[in-house]
2 protein chains.
Amino acid sequence: MSLHDPIVLSVDGHGGDQEETVTVPACLRALEADSNLSIRLTGQPERLQAALGQQSPADHLCERLEIIAASTVIPMDAKPVAVLRRGQDSSMWRAFEEVAEGRAQACVSGGATSAMMALGVKLLGLLPGIKRPALMAHVPSAHGYVALLDLGANLNVDASQLVQFAVMGSVAFDGARDGSENDQNPAIGLLNVGREDSKGHVVVKAAHQMLQGLPLNYIGFVEGDDLFSGHVDVAVCDGFAGNLLLKSGEGLVRMLFSELSRSLKSSLSSRLGAVLSRQAFTELVARFDPAAHNGAPLLGLNRVAVKSHGGANCREMTVAIMEASREARRRIPEKIGSLILEHRLEAEE
Amino acid sequence: MSLHDPIVLSVDGHGGDQEETVTVPACLRALEADSNLSIRLTGQPERLQAALGQQSPADHLCERLEIIAASTVIPMDAKPVAVLRRGQDSSMWRAFEEVAEGRAQACVSGGATSAMMALGVKLLGLLPGIKRPALMAHVPSAHGYVALLDLGANLNVDASQLVQFAVMGSVAFDGARDGSENDQNPAIGLLNVGREDSKGHVVVKAAHQMLQGLPLNYIGFVEGDDLFSGHVDVAVCDGFAGNLLLKSGEGLVRMLFSELSRSLKSSLSSRLGAVLSRQAFTELVARFDPAAHNGAPLLGLNRVAVKSHGGANCREMTVAIMEASREARRRIPEKIGSLILEHRLEAEE
C-alpha cells in the first residue's frame, strides 16, 4: 500500500473529553486534506448530525463521511472491566468494531487509554507473541523527532517486553515527520541511568544484552538528556518512566514558554524585542508545542489504533486522524508482526 | 545552629573530573562569601598549592583554608568495591574522613556518585532505619524550586523507601532558595502515571497509603507535568525514573535555549529583537540553567555529604559548597533521623 492509497478510518465521535464539536470538524479537515480518505464516525447520530450541520460541509466531503450509530459514551474514568462488560454500544467500541470487522483499516479515539487498551486487545487482538500493547509518541528533539515508548501502558516490564518495544519503535518510527523520509533503520537507544554496560537494574541489563544480538540499529544505553540531543531516533523504557518523561517534558515546555513571554513583557525594550522576534518565537513554540504532535499509536495490535489526547482541539485531533491513516498505509502492524515472528521475540510468560 | 554559625567543611580537591583548578578557586569564593566558613581541602598538596598560588588569595582567606594531604584520586569509573578496598589514601576518602572524625561538619565532592555513596555509608554511616542514601536536587519550577528525589541512587525501591524519601525531602526542601524562607511543611507529591488512587503499580500504591497516615503535607499522586507547575515542593519517585526525569529536563532546557538562539539569528528583525530582549533572556537562562543549581545532598546519612556534578565550573562548585554548609547548619541529618525514629519508618528488610 502506498502512502496515497484509498483508506477508510473509523473515528470515535465522542471519545472521552472530546466532544463532537471537535471530532466532526477535525474529520472534515482530514477529509479535505486527503482525498483518498473516508471516515466512519461513530456516536450518537443526532449529536453528530447537529455538529455537522454547524460546519455546513461541502458535498464531496459528506460523501466520504458516514455516521455509525452508537448510543453511549465511555467516561474517562471507566474501569476496563466495565468497558468490556457494558461498553458494547459505546462510540469507542463501535470505532474498534469497524476495524475488527474489516469496514475500516484503523481507528482513532480521544478516550481513556485504559479503555482503548482493553478494546484493542479484545476486538483487534494482539500480534502473536506480544503480551500487551505499548503506547508510543513522537517527541520533538534537536534534529526532528524521537519516538518514545512505552508511555504508561506497561508499568512493570520484563526484558523481553523492552526488546519488543525496541522492535515496535524501530518499525513505527516515522522519519518523514521532519521531511527526511528516513524511516530506514532508525537509531534505537535503551533509556538508563548511565551509558556503561554495568549501569542499571537487572531488567534493562538483560534487555541490553538481547538487543545487541538483533538486526536493529541498536546504539546501546542512552540517558535522559539523549532524548533531546538528536543522537537517537527511538528511545525505549518502561511505561512508568516513559509516562513521567513525556508529561514532565510537556510541562517544562509549557512553563518555559510562559516564563519567556512573561519576561518579555517586563520592560519596554524587551516588549519591543518580542514584537521584532515574534516570528522566530511562533515557529519555535509551534515546533515544540506538545499538543501539535498528537496521535499516539497503540503498538502490538493486529490493526492500527491511535490515541488522541483528551481535550485535543480540532487541529490536534486532525493530526491524530492523519497519523492513523499514515500508519495503516505504512502497514505498521504487519511489519511488527513479521519481525517478532522472524526473530522469535515472544514475551516471557 | 543558626544559618550564620561558624562551620567547617571538607572539600574533595580532585573529585572525579573536577580538577583543583576548579575546586581551589571555588573554595576561595565560598570563603569570601561566608566569613564564618572554614574549609579543609583534601588532595595532593603540591597540586593544590600550585592552584592556590595562581589565585594569589588574600591572607584572611588562606587562614580559613587548610590542605589535608591525600596521595591518590578516585577515577570516575571506579567500582564501589575497589573504592572501599583501595581508596583509603584518596582525596575523596579523606574528605569523608574529616567529617567522620569530627574535624568537619559536611563534605563536598565532584566525584562519582557510586563512590560517594559507598564512602558515605562506610565512613558517615546510615541513619537508623535507613536502607540506602537517596540523592536529591532542587529543580527550577514555575514558582521557585521543586526538590526531586531519588535521582539514581536507588533503582529498585519498595514502598517504605519511597516513604522515607518523602520524609527526607520534606526536611531537606529549602524554600529559602527562592527567598520565601518557607521551609515549613512543604507540599509533597508522589510521582505516578495518574492522580487517581487506582493508578500506578503496587509499590507506589502502597507508599501512597502509608503517606496518607503521616503528619506530612502529603498532597497525593502527582504527574510528570506537576513537577514544573509549582503545585508541589517535593516530588518523590524511584531513582530510575528520577534520574531520567532530571537529565531529560536538563537536556530539554539546553535544547530549547539553543534552538531559541538559533531562531533569533535567523532574520534581521529577530536579531534586532534579540538584542532588545537580551536581558529578559539572560535572566531566564540563568534561572533555568540546570548547572546553576548544583549541589545534590546524599540524604539518609548521619552527616551532610553533597555531590557536585562532574565537570562543574568554579561558580557551580561554589554553589555546591554553599549548599553543604547550609544543610549542615540546618541540621538536616538530625531532623531526618528524629522523624524516621518518631514515626517508626524503618525500611522493610
# chains A, B, ... in the order shown; residues from 1 in each chain; ligands from 1
>>> residues_around(residues="Leu256 (chain A)", least_positions_apart="3", cutoff="10 Å", atoms="only C-alpha atoms", output="list of chain:residue names")
A:Gly251, A:Leu252, A:Val253, A:Glu259, A:Leu260, A:Ser261, A:Arg262, B:Ser141, B:Ala142, B:Phe228, B:Val253, B:Leu256, B:Phe257, B:Leu284, B:Val285, B:Phe288
>>> select_by_dssp(residues="region 49-209 of chain B", states="helix (DSSP H, G or I)", output="MDAnalysis selection string")
chainID B and resid 49:55 59:62 80:86 91:100 113:124 159:172 175:178 202:209
>>> interface_residues(of="chain A", to="chain B", cutoff="8 Å", atoms="only C-alpha atoms", output="short mmCIF file (atom, residue, chain, number, x, y, z; two decimals) with N, CA and C atoms, in the first residue's frame")
data_model
loop_
_atom_site.label_atom_id
_atom_site.label_comp_id
_atom_site.auth_asym_id
_atom_site.auth_seq_id
_atom_site.Cartn_x
_atom_site.Cartn_y
_atom_site.Cartn_z
N SER A 141 12.75 16.74 19.03
CA SER A 141 14.12 16.75 19.55
C SER A 141 14.96 17.72 18.73
N ALA A 142 16.26 17.75 18.99
CA ALA A 142 17.11 18.76 18.34
C ALA A 142 17.07 18.65 16.81
N GLY A 152 3.09 4.39 29.35
CA GLY A 152 2.24 4.19 30.51
C GLY A 152 1.34 2.97 30.42
N LEU A 155 3.47 -0.69 33.17
CA LEU A 155 4.20 -0.07 34.28
C LEU A 155 5.34 -0.95 34.77
N ASN A 156 5.12 -2.25 34.77
CA ASN A 156 6.19 -3.18 35.13
C ASN A 156 6.51 -4.00 33.89
N LEU A 191 16.79 3.60 27.40
CA LEU A 191 16.98 4.61 28.45
C LEU A 191 17.48 3.97 29.74
N ASN A 192 18.49 4.60 30.33
CA ASN A 192 19.10 4.06 31.54
C ASN A 192 19.75 5.20 32.32
N VAL A 193 20.21 4.89 33.53
CA VAL A 193 20.82 5.91 34.38
C VAL A 193 22.29 6.16 34.05
N GLY A 200 22.49 0.36 35.66
CA GLY A 200 21.09 -0.01 35.57
C GLY A 200 20.70 -1.25 36.35
N HIS A 201 19.39 -1.50 36.40
CA HIS A 201 18.90 -2.68 37.12
C HIS A 201 18.88 -3.90 36.20
N GLU A 223 20.95 8.15 28.05
CA GLU A 223 20.49 8.80 29.28
C GLU A 223 19.37 9.80 28.96
N GLY A 224 18.78 10.34 30.01
CA GLY A 224 17.64 11.24 29.83
C GLY A 224 17.90 12.38 28.86
N ASP A 225 19.11 12.95 28.91
CA ASP A 225 19.35 14.10 28.04
C ASP A 225 19.53 13.71 26.57
N ASP A 226 19.79 12.43 26.31
CA ASP A 226 19.89 11.97 24.92
C ASP A 226 18.54 12.02 24.21
N LEU A 227 17.48 12.08 24.98
CA LEU A 227 16.14 12.12 24.41
C LEU A 227 15.99 13.32 23.48
N PHE A 228 16.69 14.42 23.81
CA PHE A 228 16.50 15.64 23.03
C PHE A 228 17.74 16.03 22.23
N SER A 229 18.81 15.23 22.35
CA SER A 229 20.07 15.62 21.72
C SER A 229 20.09 15.30 20.23
N PHE A 240 6.17 3.38 33.18
CA PHE A 240 6.14 4.28 34.33
C PHE A 240 7.08 5.47 34.06
N ALA A 241 8.33 5.16 33.74
CA ALA A 241 9.31 6.22 33.46
C ALA A 241 8.90 6.99 32.20
N ASN A 243 5.95 7.56 30.85
CA ASN A 243 4.83 8.45 31.10
C ASN A 243 5.30 9.71 31.84
N LEU A 244 6.13 9.52 32.88
CA LEU A 244 6.66 10.68 33.62
C LEU A 244 7.51 11.56 32.70
N LEU A 245 8.34 10.94 31.86
CA LEU A 245 9.21 11.70 30.97
C LEU A 245 8.39 12.54 30.00
N LEU A 246 7.39 11.92 29.37
CA LEU A 246 6.59 12.64 28.39
C LEU A 246 5.86 13.81 29.05
N LYS A 247 5.19 13.54 30.16
CA LYS A 247 4.40 14.61 30.78
C LYS A 247 5.28 15.69 31.39
N SER A 248 6.44 15.31 31.96
CA SER A 248 7.30 16.34 32.53
C SER A 248 7.87 17.21 31.41
N GLY A 249 8.19 16.60 30.28
CA GLY A 249 8.67 17.37 29.14
C GLY A 249 7.62 18.37 28.67
N GLU A 250 6.38 17.91 28.57
CA GLU A 250 5.29 18.81 28.17
C GLU A 250 5.15 19.96 29.17
N GLY A 251 5.21 19.60 30.46
CA GLY A 251 5.07 20.62 31.49
C GLY A 251 6.21 21.63 31.45
N LEU A 252 7.42 21.13 31.21
CA LEU A 252 8.59 22.01 31.17
C LEU A 252 8.51 22.97 29.98
N MET A 255 5.92 25.60 30.74
CA MET A 255 6.39 26.55 31.73
C MET A 255 7.42 27.51 31.13
N GLU A 259 7.07 31.47 30.99
CA GLU A 259 8.04 32.34 31.67
C GLU A 259 8.69 33.29 30.67
N LEU A 260 8.96 32.77 29.48
CA LEU A 260 9.60 33.58 28.45
C LEU A 260 8.69 34.75 28.08
N SER A 263 8.73 37.23 30.89
CA SER A 263 9.97 38.01 30.91
C SER A 263 9.95 39.09 29.84
N LEU A 264 9.42 38.73 28.69
CA LEU A 264 9.46 39.66 27.57
C LEU A 264 8.52 40.84 27.77
N SER A 266 8.32 42.35 30.54
CA SER A 266 8.75 43.01 31.77
C SER A 266 9.38 44.39 31.55
N SER A 269 11.97 47.73 26.38
CA SER A 269 12.88 47.28 25.32
C SER A 269 12.62 45.81 25.01
N SER A 270 12.33 44.99 26.06
CA SER A 270 12.11 43.59 25.75
C SER A 270 10.74 43.39 25.09
N ARG A 271 9.78 44.29 25.39
CA ARG A 271 8.49 44.20 24.71
C ARG A 271 8.68 44.48 23.23
N LEU A 272 9.48 45.51 22.94
CA LEU A 272 9.80 45.82 21.55
C LEU A 272 10.52 44.65 20.90
N GLY A 273 11.48 44.12 21.66
CA GLY A 273 12.24 42.97 21.16
C GLY A 273 11.32 41.81 20.83
N ALA A 274 10.32 41.60 21.69
CA ALA A 274 9.40 40.50 21.48
C ALA A 274 8.63 40.67 20.19
N VAL A 275 8.23 41.91 19.90
CA VAL A 275 7.49 42.18 18.66
C VAL A 275 8.35 41.83 17.46
N LEU A 276 9.62 42.28 17.52
CA LEU A 276 10.51 42.06 16.39
C LEU A 276 10.85 40.58 16.19
N SER A 277 10.87 39.84 17.29
CA SER A 277 11.29 38.44 17.15
C SER A 277 10.08 37.49 17.20
N ARG A 278 8.90 38.07 17.00
CA ARG A 278 7.69 37.26 17.14
C ARG A 278 7.69 36.02 16.24
N GLN A 279 8.12 36.21 14.99
CA GLN A 279 8.04 35.07 14.07
C GLN A 279 8.92 33.91 14.54
N ALA A 280 10.12 34.28 15.00
CA ALA A 280 11.03 33.24 15.49
C ALA A 280 10.39 32.46 16.65
N PHE A 281 9.74 33.19 17.56
CA PHE A 281 9.08 32.53 18.69
C PHE A 281 7.95 31.64 18.24
N LEU A 284 9.09 28.50 16.93
CA LEU A 284 9.66 27.63 17.96
C LEU A 284 8.55 27.02 18.81
#
>>> residues_around(residues="Ala296 (chain B)", least_positions_apart="5", cutoff="7 Å", atoms="only C-alpha atoms", output="list in words")
Leu135, Met136, Ala137, Val306, Lys307 and Ser308 of chain B
>>> select_by_dssp(residues="region 26-67 of chain B", states="strand (DSSP E)", output="PyMOL selection string")
chain B and resi 37-43+65-67
>>> write_last_selection(atoms="N, CA, C and O atoms", output="compact mmCIF listing (two decimals), in the first residue's frame")
# COMPACT_ATOMS: atom_id res chain seq x y z
N LEU B 37 32.88 30.53 57.52
CA LEU B 37 33.19 29.22 56.93
C LEU B 37 34.69 28.96 56.94
O LEU B 37 35.48 29.86 56.66
N SER B 38 35.07 27.71 57.30
CA SER B 38 36.45 27.25 57.12
C SER B 38 36.39 26.00 56.26
O SER B 38 35.42 25.25 56.33
N ILE B 39 37.45 25.80 55.47
CA ILE B 39 37.45 24.65 54.57
C ILE B 39 38.71 23.81 54.76
O ILE B 39 39.82 24.35 54.86
N ARG B 40 38.54 22.50 54.81
CA ARG B 40 39.65 21.56 54.81
C ARG B 40 39.63 20.89 53.44
O ARG B 40 38.74 20.11 53.13
N LEU B 41 40.63 21.24 52.64
CA LEU B 41 40.66 20.83 51.24
C LEU B 41 41.59 19.62 51.09
O LEU B 41 42.78 19.70 51.41
N THR B 42 41.05 18.51 50.61
CA THR B 42 41.82 17.27 50.54
C THR B 42 42.40 17.05 49.14
O THR B 42 41.74 17.32 48.14
N GLY B 43 43.63 16.54 49.08
CA GLY B 43 44.22 16.24 47.78
C GLY B 43 45.73 16.27 47.81
O GLY B 43 46.34 16.33 48.89
N LEU B 65 41.63 28.22 55.19
CA LEU B 65 41.73 27.11 54.24
C LEU B 65 42.91 26.23 54.61
O LEU B 65 44.06 26.68 54.59
N GLU B 66 42.65 24.98 54.95
CA GLU B 66 43.73 24.07 55.31
C GLU B 66 43.79 22.93 54.29
O GLU B 66 42.75 22.40 53.89
N ILE B 67 45.00 22.57 53.91
CA ILE B 67 45.15 21.47 52.97
C ILE B 67 45.40 20.17 53.73
O ILE B 67 46.24 20.11 54.63
>>> residues_around(residues="Val203 (chain A)", least_positions_apart="2", cutoff="6 Å", atoms="only C-alpha atoms", output="ChimeraX atom specification")
/A:158-159,201,205-206
>>> closest_residue(among="B:Leu48, B:Ala100, B:Leu61, B:Ile219", to="Ala33 (chain B)", atoms="only C-alpha atoms")
B:Leu61
>>> atom_distance(atom1="CA of Leu148 (chain A)", atom2="CA of Ala235 (chain A)")
4.9 Å
>>> residues_around(residues="Gly87 (chain A)", least_positions_apart="4", cutoff="8 Å", atoms="only C-alpha atoms", output="JSON, numbers by chain")
{"A": [72, 74, 82, 83, 93]}
>>> write_last_selection(atoms="N, CA and C atoms", output="compact mmCIF listing (two decimals), in the first residue's frame")
# COMPACT_ATOMS: atom_id res chain seq x y z
N THR A 72 -24.08 5.10 23.55
CA THR A 72 -23.47 5.55 24.80
C THR A 72 -22.05 6.09 24.58
N ILE A 74 -18.20 6.22 26.61
CA ILE A 74 -17.41 5.66 27.72
C ILE A 74 -16.75 6.81 28.48
N ALA A 82 -15.40 -2.74 33.23
CA ALA A 82 -16.73 -2.21 32.96
C ALA A 82 -16.90 -1.93 31.46
N VAL A 83 -15.84 -1.42 30.84
CA VAL A 83 -15.89 -1.14 29.40
C VAL A 83 -16.17 -2.43 28.63
N TRP A 93 -16.36 1.54 21.36
CA TRP A 93 -16.48 0.13 20.96
C TRP A 93 -16.76 0.05 19.46
>>> atom_distance(atom1="CA of Glu46 (chain A)", atom2="CA of Arg64 (chain A)")
18.5 Å
>>> residues_around(residues="Ala50 (chain A)", least_positions_apart="6", cutoff="10 Å", atoms="only C-alpha atoms", output="count of residues only")
3
>>> residues_around(residues="Ser10 (chain B)", least_positions_apart="2", cutoff="7 Å", atoms="only C-alpha atoms", output="list of chain:residue names")
B:Val8, B:Asp12, B:Ile39, B:Arg40, B:Leu41, B:Ala95, B:Glu98, B:Ala104, B:Ala106, B:Cys107, B:Val108
>>> atom_distance(atom1="CA of Thr23 (chain A)", atom2="CA of Gln88 (chain A)")
20.7 Å
>>> closest_residue(among="B:Glu63, B:Asp197, B:Glu342, B:Glu97", to="Leu31 (chain B)", atoms="only C-alpha atoms")
B:Glu63
